[in-house]
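Chemist: The structure under discussion is supplied below as structure tokens; questions concerning it will follow.
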Amino acid sequence: MAAQLGGQPITILREGTQRTTGSEAQRGNIMAAKVVASAVRTTLGPKGMDKMLVNSAGQVTITNDGATILDEMDIKHPAAKMVVEVAKTQDDEVGDGTTTAAILTGELLAKAEDLLDLNVHSTTITAGYALAASKSHEILEGLTSDISGDDEDTLINIAGTALTGKGAESSKDILAPLVVRAVKSIVKKGVDGKDTVDIKDIRIERRVEGEMEDTELVEGLIIDRTRTHQSMPKRVEDARIAILATPIEVRSMEFKSEITLTGVTERRAFIDREEEMIREVVDKVINSGATAVFCKKGVDDLARHYLAKAGLFVIHRVNFKQLKKLAECTNGRIITNLDELTPDDLGTAGVVEEVMVGNGEMIFIRDCPDKKIISIILRGGTEQVVDNLARAMHDALMVVGVVLEDGRVVAGGGSPEIELALRLREYAASLKGREQLAVNKFAEAIEVIPTTLAETSGLDHIDKLVELKSRHEAGEKYAGLNVFANKIEDMKAVGVVEPLKVKLQAIDSASEAASMILRIDDVIAATKEQKGPKQAPGLKDYEV
């Protein structure tokens, strides 16, 4: 970019840099964000459609999870990436509502565009959106119901709502109770006396065999591996576990070298010494008192023979993340040098065994001493089915965990959005400045959720929106759209509820992202510097 100063051109940006300013920059960013939001809009709700995503390697992903779709789309536009970040943040914080957050971001920007056309300044719009988001917290908290961890029926309904629309609803009567049982098993009391849930304590394993109904919960850690030798025991009780990040084999030389053997005697001596070295390595493991060994790297064939002869249960090629989780739940220590292995480094577990799951074996570690570990084995007919089920289960586990921590829920089916829009319009009337225009637009944007629910269910969204508004104005604050019955019902009464935190997080993330995009009035896109002969800078060549 160049500028004129007294007739003298001065270069302040690298040649080829593109700059967009003012209204053009704003409109470009808004358009990019709206396009991304519209890409996931049809996936919203229990009857939302799926997207098929094919990457450059030909791998296929079929899903209606907003965060997964946006992540797989490999978006390049910087403003559009902010919508992707909204979905990722929603997924990380509460696990569900990713599509809602993305759609709401796009709709807030679309409504802001209407105000920009009326010459309302973007800072006024963002101020109004901030007021509306803050007021939304107050309104939503007035629509909540408190639940406890003992209210299992409500928790199952919440898990079922999270599973619905993700390809798992046909089996939700089996999966939802399993989700609740898994999450309740890992609840701990925090320092403030409140319940805390770490979903990382629930391990998900996949097996592309059988049906979704065959999915099962196991109290313990599961590792998808088999014993390294068939002569090893299949089950070890009161196991003492050696956790190794080093191979059980002869250590290779650090430098490339060549050994020349001139006769049979030398060759025999070399083999004997190699076997002796392997025996020494194996003895270090046996002498530690270990009865089960989990190794990140390989185990030599001869070492397997000696270990099997000693009655040890040995698994190798274990993923390091699983190795860390094993060390955590058995109170063991990961060993990187066998010379350092002592009995104090061993972990303990009540049972370590190889179990047949479907047509293959898996390793189960049960009765760990301190840390409660839950594993869920997902089953399905194809890899895509299992992957979809894994995403649905993740969402369900997260939302149940959020509810157990927060203890507050709101009705589903678009009910809180309609009530929110109604109350925000009343709030806007109390404001005196131009911010009331932005609050009104915020209320309009919120209505995109029930509108889209009706559209994806094949219903007339105008008729349903009008009926919803009239029911809420009549005082039915829990009235929502039951897409399975195709009618307006009290969603709280029929058990369709969602965590309050999911709604609050979606509103906060969407309003913050929309405000950030609206405040951008200058986009400078730099290009890579062209390599060429260096020249001494002259008066015309100032770059910053």
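Letters A, B, ... mark the chains of the structure tokens in the order given; residue numbers begin at 1 per chain; ligand numbers begin at 1, in order shown.
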Using only C-alpha atoms, I'd like a table of the residues in region 211-242 of chain A that come within 8 Å of region 288-301 of chain A; for each, show the closest atom pair and its distance in Å rounded to one decimal, ordered by chain and ascending number, as a tab-separated table.

Modeler:
residue	atom	partner	partner_atom	distance
A:Val236	CA	A:Thr291	CA	7.4
A:Ala239	CA	A:Thr291	CA	5.8
A:Arg240	CA	A:Ala290	CA	5.0
A:Ile241	CA	A:Ala292	CA	4.8
A:Ala242	CA	A:Val293	CA	4.8

Chemist: Give the alpha helix (DSSP H) residues of region 333-501 of chain A, as assigned by DSSP on the backbone, as an MDAnalysis selection string.

Modeler: chainID A and resid 383:406 415:429 435:446 448:456 461:473 500:501

Chemist: Using DSSP on the backbone, list every residue of region 65-302 of chain A that comes out as strand (DSSP E or B), and give them as an MDAnalysis selection string.

Modeler: chainID A and resid 145:146 188:189 195:196 202:207 216:219 221:223 235:244 248 292:295 299

Chemist: For the residues in the current selection, export N, CA and C atoms as an mmCIF file, in the first residue's frame.

Modeler:
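This went into out21.cif:
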data_model
loop_
_atom_site.group_PDB
_atom_site.id
_atom_site.type_symbol
_atom_site.label_atom_id
_atom_site.label_comp_id
_atom_site.auth_asym_id
_atom_site.auth_seq_id
_atom_site.Cartn_x
_atom_site.Cartn_y
_atom_site.Cartn_z
ATOM 1 N N SER A 145 -35.399 -24.643 36.231
ATOM 2 C CA SER A 145 -35.861 -25.578 37.262
ATOM 3 C C SER A 145 -34.628 -26.210 37.876
ATOM 4 N N ASP A 146 -34.631 -26.382 39.180
ATOM 5 C CA ASP A 146 -33.508 -27.018 39.865
ATOM 6 C C ASP A 146 -33.719 -28.523 39.893
ATOM 7 N N LYS A 188 -17.410 -36.222 41.841
ATOM 8 C CA LYS A 188 -16.593 -36.018 43.042
ATOM 9 C C LYS A 188 -17.037 -34.725 43.716
ATOM 10 N N LYS A 189 -16.713 -34.587 44.973
ATOM 11 C CA LYS A 189 -16.982 -33.355 45.705
ATOM 12 C C LYS A 189 -15.793 -32.417 45.573
ATOM 13 N N ASP A 195 -20.586 -30.620 43.537
ATOM 14 C CA ASP A 195 -20.222 -31.770 42.698
ATOM 15 C C ASP A 195 -19.378 -31.309 41.511
ATOM 16 N N THR A 196 -18.356 -32.069 41.185
ATOM 17 C CA THR A 196 -17.538 -31.808 39.998
ATOM 18 C C THR A 196 -17.463 -33.074 39.156
ATOM 19 N N ILE A 202 -14.058 -40.792 31.768
ATOM 20 C CA ILE A 202 -14.843 -41.770 31.008
ATOM 21 C C ILE A 202 -14.136 -42.015 29.684
ATOM 22 N N ARG A 203 -13.692 -43.227 29.486
ATOM 23 C CA ARG A 203 -12.959 -43.588 28.277
ATOM 24 C C ARG A 203 -13.920 -44.186 27.251
ATOM 25 N N ILE A 204 -13.776 -43.748 25.993
ATOM 26 C CA ILE A 204 -14.613 -44.261 24.904
ATOM 27 C C ILE A 204 -13.769 -45.170 24.009
ATOM 28 N N GLU A 205 -14.192 -46.418 23.880
ATOM 29 C CA GLU A 205 -13.554 -47.360 22.956
ATOM 30 C C GLU A 205 -14.568 -47.737 21.881
ATOM 31 N N ARG A 206 -14.094 -48.034 20.690
ATOM 32 C CA ARG A 206 -14.989 -48.303 19.565
ATOM 33 C C ARG A 206 -14.743 -49.708 19.012
ATOM 34 N N ARG A 207 -15.824 -50.345 18.601
ATOM 35 C CA ARG A 207 -15.723 -51.665 17.979
ATOM 36 C C ARG A 207 -16.736 -51.717 16.846
ATOM 37 N N GLU A 216 -21.834 -51.100 25.668
ATOM 38 C CA GLU A 216 -21.837 -51.488 27.082
ATOM 39 C C GLU A 216 -20.896 -50.626 27.914
ATOM 40 N N LEU A 217 -21.191 -50.559 29.200
ATOM 41 C CA LEU A 217 -20.383 -49.788 30.146
ATOM 42 C C LEU A 217 -19.574 -50.756 30.995
ATOM 43 N N VAL A 218 -18.314 -50.425 31.193
ATOM 44 C CA VAL A 218 -17.417 -51.255 31.997
ATOM 45 C C VAL A 218 -16.771 -50.385 33.058
ATOM 46 N N GLU A 219 -16.818 -50.825 34.298
ATOM 47 C CA GLU A 219 -16.154 -50.097 35.379
ATOM 48 C C GLU A 219 -14.678 -50.486 35.381
ATOM 49 N N LEU A 221 -10.633 -49.577 33.146
ATOM 50 C CA LEU A 221 -9.968 -49.074 31.949
ATOM 51 C C LEU A 221 -9.899 -50.173 30.898
ATOM 52 N N ILE A 222 -10.184 -49.808 29.649
ATOM 53 C CA ILE A 222 -10.129 -50.770 28.543
ATOM 54 C C ILE A 222 -9.037 -50.343 27.577
ATOM 55 N N ILE A 223 -8.211 -51.292 27.163
ATOM 56 C CA ILE A 223 -7.171 -51.042 26.169
ATOM 57 C C ILE A 223 -7.373 -52.028 25.022
ATOM 58 N N ARG A 235 -5.925 -64.017 32.688
ATOM 59 C CA ARG A 235 -6.467 -63.237 33.803
ATOM 60 C C ARG A 235 -5.457 -63.222 34.947
ATOM 61 N N VAL A 236 -5.227 -62.033 35.478
ATOM 62 C CA VAL A 236 -4.321 -61.874 36.623
ATOM 63 C C VAL A 236 -5.084 -61.115 37.709
ATOM 64 N N GLU A 237 -5.192 -61.732 38.878
ATOM 65 C CA GLU A 237 -5.855 -61.079 40.008
ATOM 66 C C GLU A 237 -4.818 -60.449 40.929
ATOM 67 N N ASP A 238 -5.239 -59.381 41.644
ATOM 68 C CA ASP A 238 -4.324 -58.614 42.511
ATOM 69 C C ASP A 238 -3.040 -58.272 41.743
ATOM 70 N N ALA A 239 -3.245 -57.726 40.565
ATOM 71 C CA ALA A 239 -2.126 -57.485 39.643
ATOM 72 C C ALA A 239 -1.208 -56.375 40.150
ATOM 73 N N ARG A 240 0.085 -56.588 39.959
ATOM 74 C CA ARG A 240 1.104 -55.559 40.181
ATOM 75 C C ARG A 240 1.644 -55.198 38.804
ATOM 76 N N ILE A 241 1.434 -53.943 38.416
ATOM 77 C CA ILE A 241 1.579 -53.561 37.012
ATOM 78 C C ILE A 241 2.816 -52.708 36.785
ATOM 79 N N ALA A 242 3.685 -53.169 35.864
ATOM 80 C CA ALA A 242 4.838 -52.383 35.418
ATOM 81 C C ALA A 242 4.416 -51.606 34.173
ATOM 82 N N ILE A 243 4.627 -50.299 34.205
ATOM 83 C CA ILE A 243 4.220 -49.429 33.097
ATOM 84 C C ILE A 243 5.489 -48.870 32.462
ATOM 85 N N LEU A 244 5.778 -49.321 31.249
ATOM 86 C CA LEU A 244 7.074 -49.048 30.629
ATOM 87 C C LEU A 244 6.932 -48.190 29.374
ATOM 88 N N ILE A 248 11.312 -53.774 25.698
ATOM 89 C CA ILE A 248 11.958 -54.913 26.364
ATOM 90 C C ILE A 248 12.698 -55.682 25.277
ATOM 91 N N ALA A 292 1.973 -58.068 35.685
ATOM 92 C CA ALA A 292 1.428 -57.592 34.409
ATOM 93 C C ALA A 292 2.304 -56.452 33.918
ATOM 94 N N VAL A 293 2.533 -56.423 32.605
ATOM 95 C CA VAL A 293 3.419 -55.412 32.019
ATOM 96 C C VAL A 293 2.689 -54.741 30.857
ATOM 97 N N PHE A 294 2.674 -53.401 30.870
ATOM 98 C CA PHE A 294 2.122 -52.626 29.760
ATOM 99 C C PHE A 294 3.253 -51.776 29.207
ATOM 100 N N CYS A 295 3.576 -51.998 27.932
ATOM 101 C CA CYS A 295 4.762 -51.386 27.332
ATOM 102 C C CYS A 295 4.365 -50.509 26.140
ATOM 103 N N VAL A 299 8.209 -55.567 22.349
ATOM 104 C CA VAL A 299 8.783 -56.601 23.221
ATOM 105 C C VAL A 299 9.377 -57.671 22.313
#

Chemist: Quick one: residues within 9 Å of Ile520 (chain A), only C-alpha atoms counted, chain neighbours fewer than 5 positions away excluded, as a list of chain:residue names?

Modeler: A:Thr21, A:Gly22, A:Ala25, A:Gln26, A:Asn29

Chemist: Please report as a tab-separated table every residue of region 429-508 of chain A lying within 9 Å of region 73-94 of chain A, along with the nearest atom pair and their distance in Å (one decimal), using only C-alpha atoms.

Modeler:
residue	atom	partner	partner_atom	distance
A:Pro499	CA	A:Val94	CA	8.9
A:Lys501	CA	A:Val94	CA	7.2
A:Val502	CA	A:Val94	CA	5.9
A:Gln505	CA	A:Gln90	CA	6.6
A:Ala506	CA	A:Gln90	CA	6.6

Chemist: Would you save the residues from that selection as a compact mmCIF listing (two decimals), in the first residue's frame, using N, CA, C and O atoms?

Modeler:
# COMPACT_ATOMS: atom_id res chain seq x y z
N PRO A 499 -29.70 -28.23 29.67
CA PRO A 499 -28.98 -27.49 30.71
C PRO A 499 -29.02 -25.98 30.46
O PRO A 499 -28.87 -25.53 29.33
N LYS A 501 -26.81 -23.92 31.28
CA LYS A 501 -25.47 -23.47 30.90
C LYS A 501 -25.25 -23.54 29.39
O LYS A 501 -24.50 -22.75 28.82
N VAL A 502 -25.91 -24.49 28.71
CA VAL A 502 -25.79 -24.61 27.26
C VAL A 502 -26.35 -23.36 26.59
O VAL A 502 -25.74 -22.79 25.67
N GLN A 505 -24.11 -20.19 27.46
CA GLN A 505 -22.83 -20.21 26.74
C GLN A 505 -23.04 -19.85 25.27
O GLN A 505 -22.25 -19.10 24.68
N ALA A 506 -24.11 -20.35 24.65
CA ALA A 506 -24.39 -20.05 23.23
C ALA A 506 -24.64 -18.56 23.04
O ALA A 506 -24.12 -17.95 22.09

Chemist: Within 8 Å of region 125-137 of chain A, counting only C-alpha atoms, which residues qualify if same-chain residues fewer than 3 places away don't, as a CSV table (one decimal) with N, CA, C and O atoms, in the first residue's frame?

Modeler:
chain,number,residue,atom,x,y,z
A,112,ALA,N,-27.7,-7.0,12.5
A,112,ALA,CA,-26.8,-5.9,12.6
A,112,ALA,C,-26.7,-5.2,11.3
A,112,ALA,O,-26.6,-3.9,11.2
A,115,LEU,N,-29.3,-2.7,10.7
A,115,LEU,CA,-29.1,-1.4,11.4
A,115,LEU,C,-28.0,-0.6,10.8
A,115,LEU,O,-28.1,0.7,10.8
A,120,VAL,N,-26.9,3.3,11.8
A,120,VAL,CA,-26.6,3.1,13.2
A,120,VAL,C,-25.2,2.6,13.4
A,120,VAL,O,-24.7,1.7,12.7
A,121,HIS,N,-24.4,3.3,14.2
A,121,HIS,CA,-23.0,3.0,14.3
A,121,HIS,C,-22.8,1.6,14.9
A,121,HIS,O,-23.5,1.2,15.8
A,122,SER,N,-21.7,0.9,14.5
A,122,SER,CA,-21.4,-0.4,15.0
A,122,SER,C,-21.2,-0.5,16.5
A,122,SER,O,-21.5,-1.5,17.1
A,140,LEU,N,-33.4,-15.9,31.5
A,140,LEU,CA,-33.2,-17.3,31.5
A,140,LEU,C,-33.2,-17.9,32.9
A,140,LEU,O,-33.7,-19.0,33.1
A,141,GLU,N,-32.5,-17.3,33.8
A,141,GLU,CA,-32.4,-17.8,35.1
A,141,GLU,C,-33.8,-17.8,35.8
A,141,GLU,O,-34.0,-18.6,36.8
A,420,LEU,N,-37.6,-15.5,25.7
A,420,LEU,CA,-36.5,-14.5,25.8
A,420,LEU,C,-36.7,-13.4,24.8
A,420,LEU,O,-36.6,-12.2,25.2
A,424,LEU,N,-37.2,-9.5,26.0
A,424,LEU,CA,-36.2,-8.6,25.5
A,424,LEU,C,-36.9,-7.4,24.8
A,424,LEU,O,-36.4,-6.2,24.9
A,435,GLU,N,-29.6,2.2,21.5
A,435,GLU,CA,-29.3,0.8,21.9
A,435,GLU,C,-30.6,-0.1,21.8
A,435,GLU,O,-30.5,-1.3,21.6
A,436,GLN,N,-31.7,0.6,22.1
A,436,GLN,CA,-33.0,-0.2,22.0
A,436,GLN,C,-33.2,-0.8,20.7
A,436,GLN,O,-33.8,-1.9,20.6
A,437,LEU,N,-32.7,-0.2,19.6
A,437,LEU,CA,-32.8,-0.8,18.3
A,437,LEU,C,-32.0,-2.1,18.2
A,437,LEU,O,-32.5,-3.1,17.6
A,438,ALA,N,-30.8,-2.1,18.8
A,438,ALA,CA,-30.0,-3.3,18.8
A,438,ALA,C,-30.6,-4.4,19.7
A,438,ALA,O,-30.5,-5.6,19.3
A,439,VAL,N,-31.2,-4.0,20.8
A,439,VAL,CA,-31.8,-5.0,21.7
A,439,VAL,C,-33.0,-5.7,21.0
A,439,VAL,O,-33.2,-6.9,21.0
A,442,PHE,N,-31.6,-8.1,18.5
A,442,PHE,CA,-31.2,-9.3,19.3
A,442,PHE,C,-32.3,-10.2,19.5
A,442,PHE,O,-32.2,-11.4,19.4
A,504,LEU,N,-26.8,-20.3,28.0
A,504,LEU,CA,-26.1,-19.1,28.4
A,504,LEU,C,-24.8,-19.1,27.6
A,504,LEU,O,-24.4,-18.0,27.1
A,507,ILE,N,-25.4,-18.0,23.9
A,507,ILE,CA,-25.7,-16.5,23.8
A,507,ILE,C,-24.5,-15.7,24.0
A,507,ILE,O,-24.2,-14.8,23.3
A,508,ASP,N,-23.7,-16.0,25.0
A,508,ASP,CA,-22.5,-15.3,25.3
A,508,ASP,C,-21.5,-15.3,24.2
A,508,ASP,O,-20.9,-14.3,23.7
A,511,SER,N,-22.9,-13.5,20.9
A,511,SER,CA,-22.9,-12.1,21.0
A,511,SER,C,-21.5,-11.5,21.0
A,511,SER,O,-21.3,-10.4,20.4
A,512,GLU,N,-20.6,-12.1,21.7
A,512,GLU,CA,-19.2,-11.6,21.7
A,512,GLU,C,-18.5,-11.7,20.3
A,512,GLU,O,-17.9,-10.8,19.9
A,515,SER,N,-20.1,-9.1,18.0
A,515,SER,CA,-19.6,-7.8,18.3
A,515,SER,C,-18.2,-7.6,17.9
A,515,SER,O,-17.9,-6.5,17.4
A,518,LEU,N,-18.3,-7.0,14.1
A,518,LEU,CA,-18.9,-5.7,13.8
A,518,LEU,C,-17.9,-4.5,14.0
A,518,LEU,O,-18.0,-3.5,13.4
A,519,ARG,N,-17.0,-4.7,14.9
A,519,ARG,CA,-16.1,-3.6,15.3
A,519,ARG,C,-14.9,-3.5,14.3
A,519,ARG,O,-14.0,-2.6,14.4

Chemist: Would you mind listing, for every residue of region 147-178 of chain A within 9 Å of region 399-417 of chain A, the two atoms forming the shortest contact and the distance between them in Å to one decimal, using only C-alpha atoms, sorted by chain and ascending residue number, as JSON lines?

Modeler:
{"residue": "A:Ile147", "atom": "CA", "partner": "A:Gly407", "partner_atom": "CA", "distance": 5.2}
{"residue": "A:Ser148", "atom": "CA", "partner": "A:Gly407", "partner_atom": "CA", "distance": 6.1}
{"residue": "A:Gly149", "atom": "CA", "partner": "A:Leu404", "partner_atom": "CA", "distance": 6.0}
{"residue": "A:Leu155", "atom": "CA", "partner": "A:Val400", "partner_atom": "CA", "distance": 6.5}
{"residue": "A:Ile156", "atom": "CA", "partner": "A:Val400", "partner_atom": "CA", "distance": 8.5}
{"residue": "A:Ile158", "atom": "CA", "partner": "A:Val400", "partner_atom": "CA", "distance": 6.8}
{"residue": "A:Ala159", "atom": "CA", "partner": "A:Val400", "partner_atom": "CA", "distance": 6.3}
{"residue": "A:Thr161", "atom": "CA", "partner": "A:Gly412", "partner_atom": "CA", "distance": 8.7}
{"residue": "A:Ala162", "atom": "CA", "partner": "A:Val399", "partner_atom": "CA", "distance": 7.4}

Chemist: Report, in Å with one decimal, the straight-line distance from CA of Val197 (chain A) to CA of Cys329 (chain A).

Modeler: 16.1 Å

Chemist: Please provide as a PDB file with N, CA, C and O atoms, in the first residue's frame all residues within 7 Å of Ala308 (chain A), with the sequence filter that same-chain residues fewer than 3 positions apart are discarded (counting only C-alpha atoms).

Modeler:
ATOM      1  N   HIS A 229       1.725 -63.060  23.890  1.00  0.00           N
ATOM      2  CA  HIS A 229       2.061 -64.475  23.737  1.00  0.00           C
ATOM      3  C   HIS A 229       0.885 -65.301  24.242  1.00  0.00           C
ATOM      4  O   HIS A 229       0.337 -65.030  25.305  1.00  0.00           O
ATOM      5  N   SER A 231       0.775 -68.174  25.499  1.00  0.00           N
ATOM      6  CA  SER A 231       1.032 -68.954  26.711  1.00  0.00           C
ATOM      7  C   SER A 231       0.875 -68.130  27.981  1.00  0.00           C
ATOM      8  O   SER A 231       0.915 -68.671  29.086  1.00  0.00           O
ATOM      9  N   MET A 232       0.737 -66.830  27.829  1.00  0.00           N
ATOM     10  CA  MET A 232       0.571 -65.964  29.000  1.00  0.00           C
ATOM     11  C   MET A 232      -0.820 -66.152  29.592  1.00  0.00           C
ATOM     12  O   MET A 232      -1.761 -66.503  28.878  1.00  0.00           O
ATOM     13  N   ARG A 304       9.367 -62.250  25.081  1.00  0.00           N
ATOM     14  CA  ARG A 304       7.994 -62.714  25.297  1.00  0.00           C
ATOM     15  C   ARG A 304       7.990 -64.142  25.828  1.00  0.00           C
ATOM     16  O   ARG A 304       7.203 -64.496  26.705  1.00  0.00           O
ATOM     17  N   HIS A 305       8.880 -64.975  25.259  1.00  0.00           N
ATOM     18  CA  HIS A 305       8.970 -66.376  25.685  1.00  0.00           C
ATOM     19  C   HIS A 305       9.339 -66.462  27.163  1.00  0.00           C
ATOM     20  O   HIS A 305       8.689 -67.191  27.934  1.00  0.00           O
ATOM     21  N   GLY A 311       5.080 -66.514  33.750  1.00  0.00           N
ATOM     22  CA  GLY A 311       3.675 -66.319  34.100  1.00  0.00           C
ATOM     23  C   GLY A 311       3.217 -64.871  34.116  1.00  0.00           C
ATOM     24  O   GLY A 311       2.214 -64.544  34.752  1.00  0.00           O
ATOM     25  N   LEU A 312       3.937 -63.998  33.396  1.00  0.00           N
ATOM     26  CA  LEU A 312       3.553 -62.592  33.350  1.00  0.00           C
ATOM     27  C   LEU A 312       2.565 -62.331  32.217  1.00  0.00           C
ATOM     28  O   LEU A 312       2.583 -63.019  31.189  1.00  0.00           O
TER      29      LEU A 312
END

Chemist: Report as a list in words all protein, DNA and RNA residues lying within 10 Å of Asp65 (chain A), evaluated on only C-alpha atoms, omitting residues in the same chain fewer than 2 positions from it.

Modeler: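 My reading of the contact set: Val40, Thr43, Leu44, Asp50, Lys51, Ile62, Thr63, Ala67, Thr68, Ile69, Leu70, Ala87, Asp91, Asp96, Gly97, Thr98, Thr99, Gly165, Lys166, Asn388, Arg391, Ala392 and Asp395 of chain A.
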
Chemist: Do a neighbour search on Lys284 (chain A) at 9 Å with only C-alpha atoms, toss out local chain neighbours closer than 6 positions, and write the hits as a list in words.

Modeler: Leu338, Asp339, Leu341 and Thr342 of chain A

Chemist: Keeping all heavy atoms for every residue in the selection just given, could you write it to a file as a PDB file, in the first residue's frame?

Modeler:
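Written out: out.pdb:
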ATOM      1  N   LEU A 338      14.755 -49.302  32.399  1.00  0.00           N
ATOM      2  CA  LEU A 338      14.506 -50.511  33.188  1.00  0.00           C
ATOM      3  C   LEU A 338      15.434 -50.633  34.390  1.00  0.00           C
ATOM      4  O   LEU A 338      15.098 -51.305  35.370  1.00  0.00           O
ATOM      5  CB  LEU A 338      14.636 -51.748  32.293  1.00  0.00           C
ATOM      6  CG  LEU A 338      13.462 -52.007  31.340  1.00  0.00           C
ATOM      7  CD1 LEU A 338      13.755 -53.173  30.412  1.00  0.00           C
ATOM      8  CD2 LEU A 338      12.189 -52.284  32.134  1.00  0.00           C
ATOM      9  N   ASP A 339      16.592 -49.989  34.346  1.00  0.00           N
ATOM     10  CA  ASP A 339      17.505 -50.037  35.491  1.00  0.00           C
ATOM     11  C   ASP A 339      16.896 -49.346  36.704  1.00  0.00           C
ATOM     12  O   ASP A 339      17.322 -49.578  37.839  1.00  0.00           O
ATOM     13  CB  ASP A 339      18.845 -49.366  35.139  1.00  0.00           C
ATOM     14  CG  ASP A 339      19.608 -50.157  34.080  1.00  0.00           C
ATOM     15  OD1 ASP A 339      19.420 -51.393  34.020  1.00  0.00           O
ATOM     16  OD2 ASP A 339      20.375 -49.542  33.306  1.00  0.00           O
ATOM     17  N   LEU A 341      13.607 -49.523  37.501  1.00  0.00           N
ATOM     18  CA  LEU A 341      12.366 -50.186  37.907  1.00  0.00           C
ATOM     19  C   LEU A 341      12.514 -50.843  39.281  1.00  0.00           C
ATOM     20  O   LEU A 341      13.385 -51.681  39.493  1.00  0.00           O
ATOM     21  CB  LEU A 341      11.974 -51.234  36.865  1.00  0.00           C
ATOM     22  CG  LEU A 341      10.686 -52.018  37.119  1.00  0.00           C
ATOM     23  CD1 LEU A 341       9.480 -51.079  37.185  1.00  0.00           C
ATOM     24  CD2 LEU A 341      10.472 -53.074  36.038  1.00  0.00           C
ATOM     25  N   THR A 342      11.638 -50.440  40.218  1.00  0.00           N
ATOM     26  CA  THR A 342      11.630 -51.017  41.564  1.00  0.00           C
ATOM     27  C   THR A 342      10.207 -51.411  41.918  1.00  0.00           C
ATOM     28  O   THR A 342       9.244 -50.952  41.290  1.00  0.00           O
ATOM     29  CB  THR A 342      12.145 -50.000  42.604  1.00  0.00           C
ATOM     30  OG1 THR A 342      11.190 -48.910  42.699  1.00  0.00           O
ATOM     31  CG2 THR A 342      13.517 -49.446  42.210  1.00  0.00           C
TER      32      THR A 342
END
